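As stored in input.txt (compact mmCIF, N, CA and C atoms):
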# COMPACT_ATOMS: atom_id res chain seq x y z
N MET A 24 -77.44 -39.81 -15.09
CA MET A 24 -76.76 -40.25 -16.30
C MET A 24 -76.04 -41.55 -15.99
N ARG A 25 -76.25 -42.55 -16.86
CA ARG A 25 -75.54 -43.81 -16.67
C ARG A 25 -75.03 -44.29 -18.03
N ILE A 26 -73.93 -45.03 -17.98
CA ILE A 26 -73.34 -45.63 -19.18
C ILE A 26 -73.56 -47.13 -19.07
N GLU A 27 -74.14 -47.71 -20.11
CA GLU A 27 -74.34 -49.16 -20.11
C GLU A 27 -74.24 -49.71 -21.52
N GLU A 28 -74.00 -51.01 -21.59
CA GLU A 28 -73.93 -51.67 -22.89
C GLU A 28 -75.35 -51.80 -23.45
N LEU A 29 -75.50 -51.44 -24.71
CA LEU A 29 -76.81 -51.43 -25.35
C LEU A 29 -77.12 -52.77 -26.00
N ASP A 30 -78.41 -53.00 -26.22
CA ASP A 30 -78.84 -54.18 -26.97
C ASP A 30 -79.57 -53.72 -28.23
N GLU A 31 -80.08 -54.67 -28.99
CA GLU A 31 -80.67 -54.36 -30.29
C GLU A 31 -81.90 -53.46 -30.21
N THR A 32 -82.51 -53.33 -29.04
CA THR A 32 -83.67 -52.45 -28.94
C THR A 32 -83.30 -50.98 -29.13
N PHE A 33 -82.02 -50.66 -29.07
CA PHE A 33 -81.56 -49.28 -29.23
C PHE A 33 -81.06 -48.96 -30.63
N VAL A 34 -81.14 -49.90 -31.56
CA VAL A 34 -80.55 -49.70 -32.89
C VAL A 34 -81.10 -48.45 -33.57
N GLU A 35 -82.40 -48.26 -33.56
CA GLU A 35 -82.98 -47.11 -34.25
C GLU A 35 -82.62 -45.80 -33.54
N HIS A 36 -82.66 -45.81 -32.22
CA HIS A 36 -82.30 -44.60 -31.46
C HIS A 36 -80.86 -44.19 -31.74
N ALA A 37 -79.96 -45.18 -31.77
CA ALA A 37 -78.54 -44.88 -32.03
C ALA A 37 -78.35 -44.35 -33.45
N ALA A 38 -78.98 -45.00 -34.42
CA ALA A 38 -78.83 -44.57 -35.81
C ALA A 38 -79.34 -43.13 -36.00
N VAL A 39 -80.45 -42.82 -35.40
CA VAL A 39 -80.99 -41.46 -35.50
C VAL A 39 -80.03 -40.46 -34.86
N LEU A 40 -79.47 -40.82 -33.70
CA LEU A 40 -78.49 -39.94 -33.05
C LEU A 40 -77.28 -39.73 -33.95
N TRP A 41 -76.73 -40.82 -34.49
CA TRP A 41 -75.55 -40.72 -35.35
C TRP A 41 -75.82 -39.86 -36.57
N GLU A 42 -77.00 -40.02 -37.15
CA GLU A 42 -77.36 -39.21 -38.31
C GLU A 42 -77.51 -37.74 -37.90
N SER A 43 -78.08 -37.48 -36.74
CA SER A 43 -78.34 -36.10 -36.31
C SER A 43 -77.06 -35.31 -36.03
N VAL A 44 -75.98 -36.01 -35.67
CA VAL A 44 -74.73 -35.29 -35.39
C VAL A 44 -73.70 -35.43 -36.52
N GLY A 45 -74.12 -35.99 -37.64
CA GLY A 45 -73.26 -36.02 -38.82
C GLY A 45 -72.20 -37.10 -38.84
N LEU A 46 -72.40 -38.19 -38.11
CA LEU A 46 -71.39 -39.25 -38.10
C LEU A 46 -71.53 -40.25 -39.24
N THR A 47 -72.68 -40.30 -39.85
CA THR A 47 -72.93 -41.34 -40.87
C THR A 47 -72.44 -40.88 -42.24
N ARG A 48 -72.17 -41.87 -43.06
CA ARG A 48 -71.80 -41.65 -44.45
C ARG A 48 -72.66 -42.55 -45.31
N SER A 49 -72.90 -42.16 -46.52
CA SER A 49 -73.82 -42.89 -47.40
C SER A 49 -73.40 -44.34 -47.62
N TRP A 50 -72.13 -44.62 -47.54
CA TRP A 50 -71.65 -45.97 -47.80
C TRP A 50 -71.68 -46.88 -46.56
N ASN A 51 -72.03 -46.35 -45.40
CA ASN A 51 -72.14 -47.16 -44.18
C ASN A 51 -73.57 -47.10 -43.67
N ASP A 52 -74.20 -48.24 -43.54
CA ASP A 52 -75.53 -48.31 -42.96
C ASP A 52 -75.37 -48.34 -41.45
N PRO A 53 -75.76 -47.26 -40.74
CA PRO A 53 -75.52 -47.21 -39.29
C PRO A 53 -76.24 -48.31 -38.53
N ARG A 54 -77.40 -48.73 -39.01
CA ARG A 54 -78.14 -49.79 -38.32
C ARG A 54 -77.40 -51.12 -38.43
N GLN A 55 -76.87 -51.39 -39.60
CA GLN A 55 -76.07 -52.60 -39.77
C GLN A 55 -74.77 -52.54 -38.97
N ASP A 56 -74.15 -51.36 -38.92
CA ASP A 56 -72.94 -51.20 -38.10
C ASP A 56 -73.24 -51.51 -36.64
N PHE A 57 -74.34 -50.99 -36.13
CA PHE A 57 -74.75 -51.22 -34.75
C PHE A 57 -74.94 -52.72 -34.51
N LEU A 58 -75.73 -53.37 -35.36
CA LEU A 58 -76.01 -54.80 -35.18
C LEU A 58 -74.75 -55.65 -35.35
N ARG A 59 -73.88 -55.27 -36.26
CA ARG A 59 -72.62 -56.01 -36.46
C ARG A 59 -71.77 -55.94 -35.18
N ALA A 60 -71.75 -54.77 -34.54
CA ALA A 60 -70.99 -54.63 -33.29
C ALA A 60 -71.57 -55.53 -32.21
N LEU A 61 -72.90 -55.64 -32.15
CA LEU A 61 -73.51 -56.50 -31.13
C LEU A 61 -73.25 -57.98 -31.40
N ARG A 62 -73.16 -58.35 -32.65
CA ARG A 62 -72.92 -59.76 -33.00
C ARG A 62 -71.48 -60.18 -32.76
N GLY A 63 -70.57 -59.24 -32.74
CA GLY A 63 -69.16 -59.56 -32.56
C GLY A 63 -68.85 -60.01 -31.15
N GLU A 64 -67.91 -60.92 -31.03
CA GLU A 64 -67.50 -61.39 -29.70
C GLU A 64 -66.62 -60.38 -28.98
N THR A 65 -66.02 -59.48 -29.73
CA THR A 65 -65.09 -58.52 -29.13
C THR A 65 -65.52 -57.08 -29.40
N SER A 66 -66.82 -56.84 -29.48
CA SER A 66 -67.30 -55.49 -29.73
C SER A 66 -68.67 -55.29 -29.09
N GLY A 67 -69.04 -54.03 -28.95
CA GLY A 67 -70.34 -53.67 -28.40
C GLY A 67 -70.58 -52.20 -28.59
N VAL A 68 -71.74 -51.75 -28.16
CA VAL A 68 -72.08 -50.33 -28.23
C VAL A 68 -72.50 -49.90 -26.83
N LEU A 69 -71.82 -48.88 -26.33
CA LEU A 69 -72.16 -48.31 -25.04
C LEU A 69 -73.10 -47.13 -25.24
N GLY A 70 -74.00 -46.94 -24.31
CA GLY A 70 -74.92 -45.82 -24.40
C GLY A 70 -74.90 -45.00 -23.14
N ALA A 71 -75.08 -43.69 -23.32
CA ALA A 71 -75.29 -42.78 -22.20
C ALA A 71 -76.80 -42.57 -22.13
N LEU A 72 -77.36 -42.94 -21.00
CA LEU A 72 -78.80 -42.86 -20.82
C LEU A 72 -79.13 -41.83 -19.76
N ASP A 73 -80.01 -40.92 -20.12
CA ASP A 73 -80.55 -39.92 -19.20
C ASP A 73 -81.99 -40.34 -18.97
N GLY A 74 -82.24 -41.03 -17.88
CA GLY A 74 -83.53 -41.69 -17.70
C GLY A 74 -83.61 -42.82 -18.71
N ASP A 75 -84.63 -42.82 -19.54
CA ASP A 75 -84.76 -43.82 -20.60
C ASP A 75 -84.26 -43.31 -21.94
N ALA A 76 -83.84 -42.06 -22.01
CA ALA A 76 -83.45 -41.45 -23.28
C ALA A 76 -81.97 -41.73 -23.58
N LEU A 77 -81.71 -42.20 -24.80
CA LEU A 77 -80.34 -42.38 -25.27
C LEU A 77 -79.80 -41.03 -25.71
N VAL A 78 -78.78 -40.55 -25.02
CA VAL A 78 -78.23 -39.22 -25.33
C VAL A 78 -76.78 -39.29 -25.79
N GLY A 79 -76.20 -40.49 -25.84
CA GLY A 79 -74.83 -40.61 -26.32
C GLY A 79 -74.48 -42.06 -26.57
N THR A 80 -73.47 -42.26 -27.42
CA THR A 80 -73.01 -43.61 -27.75
C THR A 80 -71.50 -43.64 -27.93
N ALA A 81 -70.96 -44.83 -27.80
CA ALA A 81 -69.58 -45.13 -28.18
C ALA A 81 -69.54 -46.60 -28.56
N MET A 82 -69.22 -46.88 -29.82
CA MET A 82 -69.02 -48.26 -30.25
C MET A 82 -67.59 -48.63 -29.88
N VAL A 83 -67.42 -49.80 -29.32
CA VAL A 83 -66.10 -50.20 -28.84
C VAL A 83 -65.80 -51.62 -29.31
N GLY A 84 -64.53 -51.86 -29.59
CA GLY A 84 -64.13 -53.20 -30.02
C GLY A 84 -62.64 -53.40 -29.85
N ALA A 85 -62.25 -54.64 -29.89
CA ALA A 85 -60.84 -55.00 -29.76
C ALA A 85 -60.47 -55.91 -30.92
N ASP A 86 -59.31 -55.66 -31.52
CA ASP A 86 -58.90 -56.45 -32.68
C ASP A 86 -57.83 -57.48 -32.35
N GLY A 87 -57.55 -57.68 -31.07
CA GLY A 87 -56.52 -58.61 -30.66
C GLY A 87 -55.20 -57.92 -30.34
N HIS A 88 -55.06 -56.70 -30.74
CA HIS A 88 -53.83 -55.94 -30.50
C HIS A 88 -54.15 -54.58 -29.88
N ARG A 89 -55.21 -53.94 -30.39
CA ARG A 89 -55.60 -52.62 -29.91
C ARG A 89 -57.11 -52.58 -29.71
N GLY A 90 -57.52 -51.62 -28.92
CA GLY A 90 -58.93 -51.32 -28.82
C GLY A 90 -59.25 -50.16 -29.73
N TRP A 91 -60.48 -50.15 -30.21
CA TRP A 91 -60.94 -49.09 -31.10
C TRP A 91 -62.26 -48.53 -30.59
N VAL A 92 -62.46 -47.24 -30.81
CA VAL A 92 -63.71 -46.59 -30.45
C VAL A 92 -64.24 -45.87 -31.69
N TYR A 93 -65.51 -46.09 -31.97
CA TYR A 93 -66.18 -45.50 -33.12
C TYR A 93 -67.51 -44.90 -32.66
N TYR A 94 -68.13 -44.15 -33.54
CA TYR A 94 -69.48 -43.63 -33.31
C TYR A 94 -69.64 -42.99 -31.94
N VAL A 95 -68.65 -42.20 -31.54
CA VAL A 95 -68.80 -41.42 -30.31
C VAL A 95 -69.71 -40.24 -30.66
N ALA A 96 -70.87 -40.22 -30.04
CA ALA A 96 -71.86 -39.19 -30.37
C ALA A 96 -72.58 -38.77 -29.10
N VAL A 97 -72.86 -37.49 -29.01
CA VAL A 97 -73.64 -36.95 -27.90
C VAL A 97 -74.71 -36.05 -28.50
N ALA A 98 -75.94 -36.25 -28.07
CA ALA A 98 -77.05 -35.42 -28.54
C ALA A 98 -76.73 -33.95 -28.28
N PRO A 99 -77.05 -33.08 -29.23
CA PRO A 99 -76.77 -31.65 -29.03
C PRO A 99 -77.29 -31.11 -27.71
N SER A 100 -78.42 -31.60 -27.25
CA SER A 100 -79.00 -31.12 -25.98
C SER A 100 -78.15 -31.49 -24.77
N HIS A 101 -77.22 -32.43 -24.94
CA HIS A 101 -76.40 -32.89 -23.81
C HIS A 101 -74.90 -32.64 -24.01
N GLN A 102 -74.55 -31.95 -25.09
CA GLN A 102 -73.13 -31.67 -25.33
C GLN A 102 -72.61 -30.64 -24.33
N ARG A 103 -71.32 -30.74 -24.08
CA ARG A 103 -70.61 -29.84 -23.16
C ARG A 103 -71.09 -29.99 -21.72
N ARG A 104 -71.50 -31.23 -21.40
CA ARG A 104 -71.95 -31.54 -20.03
C ARG A 104 -71.20 -32.73 -19.46
N GLY A 105 -70.13 -33.18 -20.11
CA GLY A 105 -69.34 -34.30 -19.61
C GLY A 105 -69.78 -35.66 -20.10
N VAL A 106 -70.79 -35.72 -20.97
CA VAL A 106 -71.29 -37.01 -21.45
C VAL A 106 -70.23 -37.70 -22.32
N GLY A 107 -69.59 -36.96 -23.20
CA GLY A 107 -68.55 -37.54 -24.05
C GLY A 107 -67.41 -38.11 -23.23
N ARG A 108 -67.02 -37.39 -22.20
CA ARG A 108 -65.96 -37.87 -21.30
C ARG A 108 -66.38 -39.17 -20.62
N LEU A 109 -67.62 -39.22 -20.14
CA LEU A 109 -68.12 -40.45 -19.50
C LEU A 109 -68.13 -41.62 -20.49
N LEU A 110 -68.53 -41.36 -21.72
CA LEU A 110 -68.54 -42.42 -22.72
C LEU A 110 -67.14 -42.95 -23.00
N LEU A 111 -66.17 -42.04 -23.13
CA LEU A 111 -64.79 -42.48 -23.37
C LEU A 111 -64.24 -43.25 -22.18
N GLN A 112 -64.55 -42.81 -20.97
CA GLN A 112 -64.13 -43.55 -19.78
C GLN A 112 -64.77 -44.93 -19.77
N GLY A 113 -66.03 -45.01 -20.15
CA GLY A 113 -66.71 -46.30 -20.23
C GLY A 113 -66.07 -47.21 -21.26
N ALA A 114 -65.73 -46.65 -22.42
CA ALA A 114 -65.08 -47.44 -23.47
C ALA A 114 -63.70 -47.93 -23.01
N GLU A 115 -62.95 -47.05 -22.38
CA GLU A 115 -61.62 -47.44 -21.89
C GLU A 115 -61.74 -48.53 -20.82
N SER A 116 -62.72 -48.43 -19.94
CA SER A 116 -62.93 -49.46 -18.92
C SER A 116 -63.33 -50.78 -19.56
N TRP A 117 -64.20 -50.72 -20.56
CA TRP A 117 -64.65 -51.92 -21.29
C TRP A 117 -63.42 -52.64 -21.87
N LEU A 118 -62.53 -51.88 -22.47
CA LEU A 118 -61.31 -52.46 -23.07
C LEU A 118 -60.35 -52.96 -21.99
N ALA A 119 -60.17 -52.21 -20.94
CA ALA A 119 -59.25 -52.61 -19.87
C ALA A 119 -59.69 -53.92 -19.23
N ARG A 120 -61.00 -54.12 -19.07
CA ARG A 120 -61.50 -55.38 -18.51
C ARG A 120 -61.18 -56.57 -19.41
N ARG A 121 -60.89 -56.30 -20.66
CA ARG A 121 -60.54 -57.35 -21.61
C ARG A 121 -59.04 -57.40 -21.86
N ASP A 122 -58.27 -56.72 -21.00
CA ASP A 122 -56.81 -56.72 -21.04
C ASP A 122 -56.25 -56.14 -22.34
N VAL A 123 -56.94 -55.17 -22.91
CA VAL A 123 -56.46 -54.48 -24.11
C VAL A 123 -55.55 -53.34 -23.66
N PRO A 124 -54.30 -53.29 -24.15
CA PRO A 124 -53.34 -52.32 -23.63
C PRO A 124 -53.42 -50.90 -24.21
N LYS A 125 -54.10 -50.73 -25.35
CA LYS A 125 -54.08 -49.43 -26.02
C LYS A 125 -55.42 -49.20 -26.70
N VAL A 126 -55.85 -47.94 -26.71
CA VAL A 126 -57.08 -47.59 -27.41
C VAL A 126 -56.77 -46.56 -28.49
N GLN A 127 -57.44 -46.71 -29.62
CA GLN A 127 -57.27 -45.78 -30.73
C GLN A 127 -58.64 -45.41 -31.28
N LEU A 128 -58.67 -44.30 -31.96
CA LEU A 128 -59.87 -43.89 -32.66
C LEU A 128 -59.46 -43.06 -33.86
N MET A 129 -60.37 -42.91 -34.79
CA MET A 129 -60.10 -42.12 -35.98
C MET A 129 -61.00 -40.90 -35.96
N VAL A 130 -60.43 -39.76 -36.34
CA VAL A 130 -61.18 -38.52 -36.45
C VAL A 130 -60.92 -37.97 -37.84
N ARG A 131 -61.99 -37.60 -38.53
CA ARG A 131 -61.81 -36.99 -39.85
C ARG A 131 -60.97 -35.73 -39.69
N ASP A 132 -60.05 -35.52 -40.61
CA ASP A 132 -59.13 -34.39 -40.49
C ASP A 132 -59.85 -33.04 -40.53
N THR A 133 -61.07 -33.00 -41.00
CA THR A 133 -61.83 -31.75 -41.04
C THR A 133 -62.58 -31.48 -39.73
N ASN A 134 -62.60 -32.43 -38.83
CA ASN A 134 -63.38 -32.31 -37.60
C ASN A 134 -62.50 -31.79 -36.46
N THR A 135 -62.18 -30.52 -36.51
CA THR A 135 -61.26 -29.94 -35.53
C THR A 135 -61.87 -29.90 -34.12
N ALA A 136 -63.18 -29.75 -34.02
CA ALA A 136 -63.81 -29.74 -32.69
C ALA A 136 -63.63 -31.08 -32.00
N ALA A 137 -63.88 -32.17 -32.73
CA ALA A 137 -63.70 -33.50 -32.14
C ALA A 137 -62.24 -33.75 -31.79
N ARG A 138 -61.36 -33.34 -32.67
CA ARG A 138 -59.93 -33.55 -32.40
C ARG A 138 -59.52 -32.83 -31.12
N GLY A 139 -59.98 -31.61 -30.93
CA GLY A 139 -59.67 -30.88 -29.70
C GLY A 139 -60.24 -31.57 -28.47
N PHE A 140 -61.45 -32.10 -28.57
CA PHE A 140 -62.07 -32.83 -27.47
C PHE A 140 -61.19 -34.02 -27.07
N TYR A 141 -60.79 -34.83 -28.04
CA TYR A 141 -59.97 -36.01 -27.73
C TYR A 141 -58.60 -35.62 -27.20
N GLU A 142 -58.01 -34.58 -27.73
CA GLU A 142 -56.71 -34.14 -27.22
C GLU A 142 -56.81 -33.70 -25.77
N ARG A 143 -57.90 -33.04 -25.40
CA ARG A 143 -58.09 -32.63 -24.00
C ARG A 143 -58.22 -33.84 -23.07
N LEU A 144 -58.63 -34.97 -23.62
CA LEU A 144 -58.75 -36.20 -22.82
C LEU A 144 -57.47 -37.04 -22.85
N GLY A 145 -56.41 -36.52 -23.48
CA GLY A 145 -55.12 -37.21 -23.46
C GLY A 145 -54.82 -38.05 -24.69
N TYR A 146 -55.64 -37.96 -25.72
CA TYR A 146 -55.37 -38.69 -26.96
C TYR A 146 -54.42 -37.87 -27.81
N ASP A 147 -53.41 -38.55 -28.38
CA ASP A 147 -52.40 -37.89 -29.20
C ASP A 147 -52.52 -38.31 -30.65
N ASP A 148 -52.06 -37.45 -31.53
CA ASP A 148 -51.98 -37.78 -32.94
C ASP A 148 -50.97 -38.92 -33.09
N ALA A 149 -51.41 -40.05 -33.61
CA ALA A 149 -50.54 -41.23 -33.75
C ALA A 149 -49.64 -41.13 -34.97
N ARG A 150 -49.74 -40.04 -35.71
CA ARG A 150 -48.90 -39.85 -36.90
C ARG A 150 -48.97 -41.07 -37.81
N THR A 151 -50.20 -41.51 -38.07
CA THR A 151 -50.45 -42.70 -38.87
C THR A 151 -51.45 -42.36 -39.96
N VAL A 152 -51.22 -42.90 -41.13
CA VAL A 152 -52.18 -42.77 -42.22
C VAL A 152 -53.01 -44.04 -42.24
N VAL A 153 -54.31 -43.89 -42.28
CA VAL A 153 -55.20 -45.04 -42.34
C VAL A 153 -55.56 -45.29 -43.80
N LEU A 154 -55.29 -46.49 -44.25
CA LEU A 154 -55.63 -46.89 -45.62
C LEU A 154 -56.76 -47.89 -45.56
N GLY A 155 -57.55 -47.95 -46.59
CA GLY A 155 -58.67 -48.87 -46.60
C GLY A 155 -58.94 -49.41 -47.99
N ARG A 156 -59.65 -50.51 -48.03
CA ARG A 156 -60.04 -51.13 -49.28
C ARG A 156 -61.36 -51.85 -49.05
N TRP A 157 -62.32 -51.68 -49.94
CA TRP A 157 -63.62 -52.33 -49.80
C TRP A 157 -63.49 -53.81 -50.13
N LEU A 158 -64.01 -54.67 -49.27
CA LEU A 158 -64.08 -56.10 -49.55
C LEU A 158 -65.41 -56.43 -50.24
N HIS A 159 -66.39 -55.60 -49.98
CA HIS A 159 -67.70 -55.69 -50.64
C HIS A 159 -68.06 -54.28 -51.04
N GLU A 160 -68.56 -54.10 -52.22
CA GLU A 160 -68.95 -52.77 -52.66
C GLU A 160 -70.04 -52.22 -51.76
N PRO A 161 -69.94 -50.95 -51.38
CA PRO A 161 -70.99 -50.36 -50.55
C PRO A 161 -72.29 -50.27 -51.32
N ARG A 162 -73.37 -50.31 -50.59
CA ARG A 162 -74.71 -50.24 -51.24
C ARG A 162 -75.08 -48.84 -51.59
How does this structure look as C-alpha cells?
Amino acid sequence: MRIEELDETFVEHAAVLWESVGLTRSWNDPRQDFLRALRGETSGVLGALDGDALVGTAMVGADGHRGWVYYVAVAPSHQRRGVGRLLLQGAESWLARRDVPKVQLMVRDTNTAARGFYERLGYDDARTVVLGRWLHEPR
C-alpha cells in the first residue's frame, strides 16, 4: 500500500470510488471537483494504491490560513485496514510541508461512523457552523 499524489489519469477511478461510498451529491460533479483540485496551486488529490488499484483518496488543499481535507474515501474491500489513517497522515504531511498550521474537514452530521473515525484520530468538533452560498447555480 502506498500513498501518492494522483494525476488526471485517475479521475474516473476516483469518481467511481466516491460514488460507491456515498460521498457525491447531485449538485457536485466529482470529476470536475477532482480536476479542479489538480488545477489549483494549493490543492491536490492523494490516492491509496494497492498495486495499481486505487483503493482510497483524500483531496487536500490550503486556503492560506488552514488546510482542508475532502473526499476521504476507502473502497469497502479495504476498509478497517488502516487505509483511512494512512490517507489522513498523508494529507497532514502534505499540508505540513507547505507550512499550514491547522487541518480541518467537514463531516455530515448524519455520518456518525465517519465522525467516530476522525475523533479516534484526534480530530475534535470545532463547534462551528458552516454556511454556504452558491456563486454559480449547480447543474
Legend entry - Near-range 45-50 of chain A list (9 Å; only C-alpha atoms; drop same-chain fewer than 6 positions) as an MDAnalysis selection string: chainID A and resid 38 94:96 160:162
Inset, instruction - Find the residues near range 119-129 of chain A: any atom within 12 Å, counting only C-alpha atoms, skip ones fewer than 6 places away on the same chain, and give them as an NGL selection string. - result: :A and (46 or 64-66 or 81-95 or 111-113 or 137-138 or 141-142 or 145-154)
Legend entry - Which of chain A fall in alpha helix (DSSP H), as number ranges by chain: A: 34-43, 53-62, 106-119, 135-143
Inset, instruction - Using only C-alpha atoms, find the one residue out of A:Asn134, A:Glu31, A:Leu109, A:Val97 that sits nearest to Arg62 in chain A. - result: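 Looking only at the distances to Arg62 in chain A, the closest residue turns out to be A:Glu31.
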Legend entry - Nearest residue to Asp73 in chain A from the set A:Arg156, A:Arg108, A:His101, A:Arg59 (distances using only C-alpha atoms):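 For Asp73 in chain A, the nearest of the given residues is A:His101.
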Inset, instruction - Please measure the separation of CA of Thr135 in chain A and CA of Val44 in chain A, giving the value in Å to one decimal. - result: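 Between CA of Thr135 in chain A and CA of Val44 in chain A the gap works out to 14.5 Å.
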Inset, instruction - Name the residues of chain A that come out as strand (DSSP E or B) in a backbone DSSP run; write them as a PyMOL selection string. - result: chain A and resi 25-28+66-73+76-85+90-97+126-128
Legend entry - Pick from A:Leu110, A:Ala60, A:Ala76, A:Leu118, whichever lies nearest to Leu144 in chain A using only C-alpha atoms: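 Of A:Leu110, A:Ala60, A:Ala76, A:Leu118, the one nearest Leu144 in chain A is A:Leu110, counting only C-alpha atoms.
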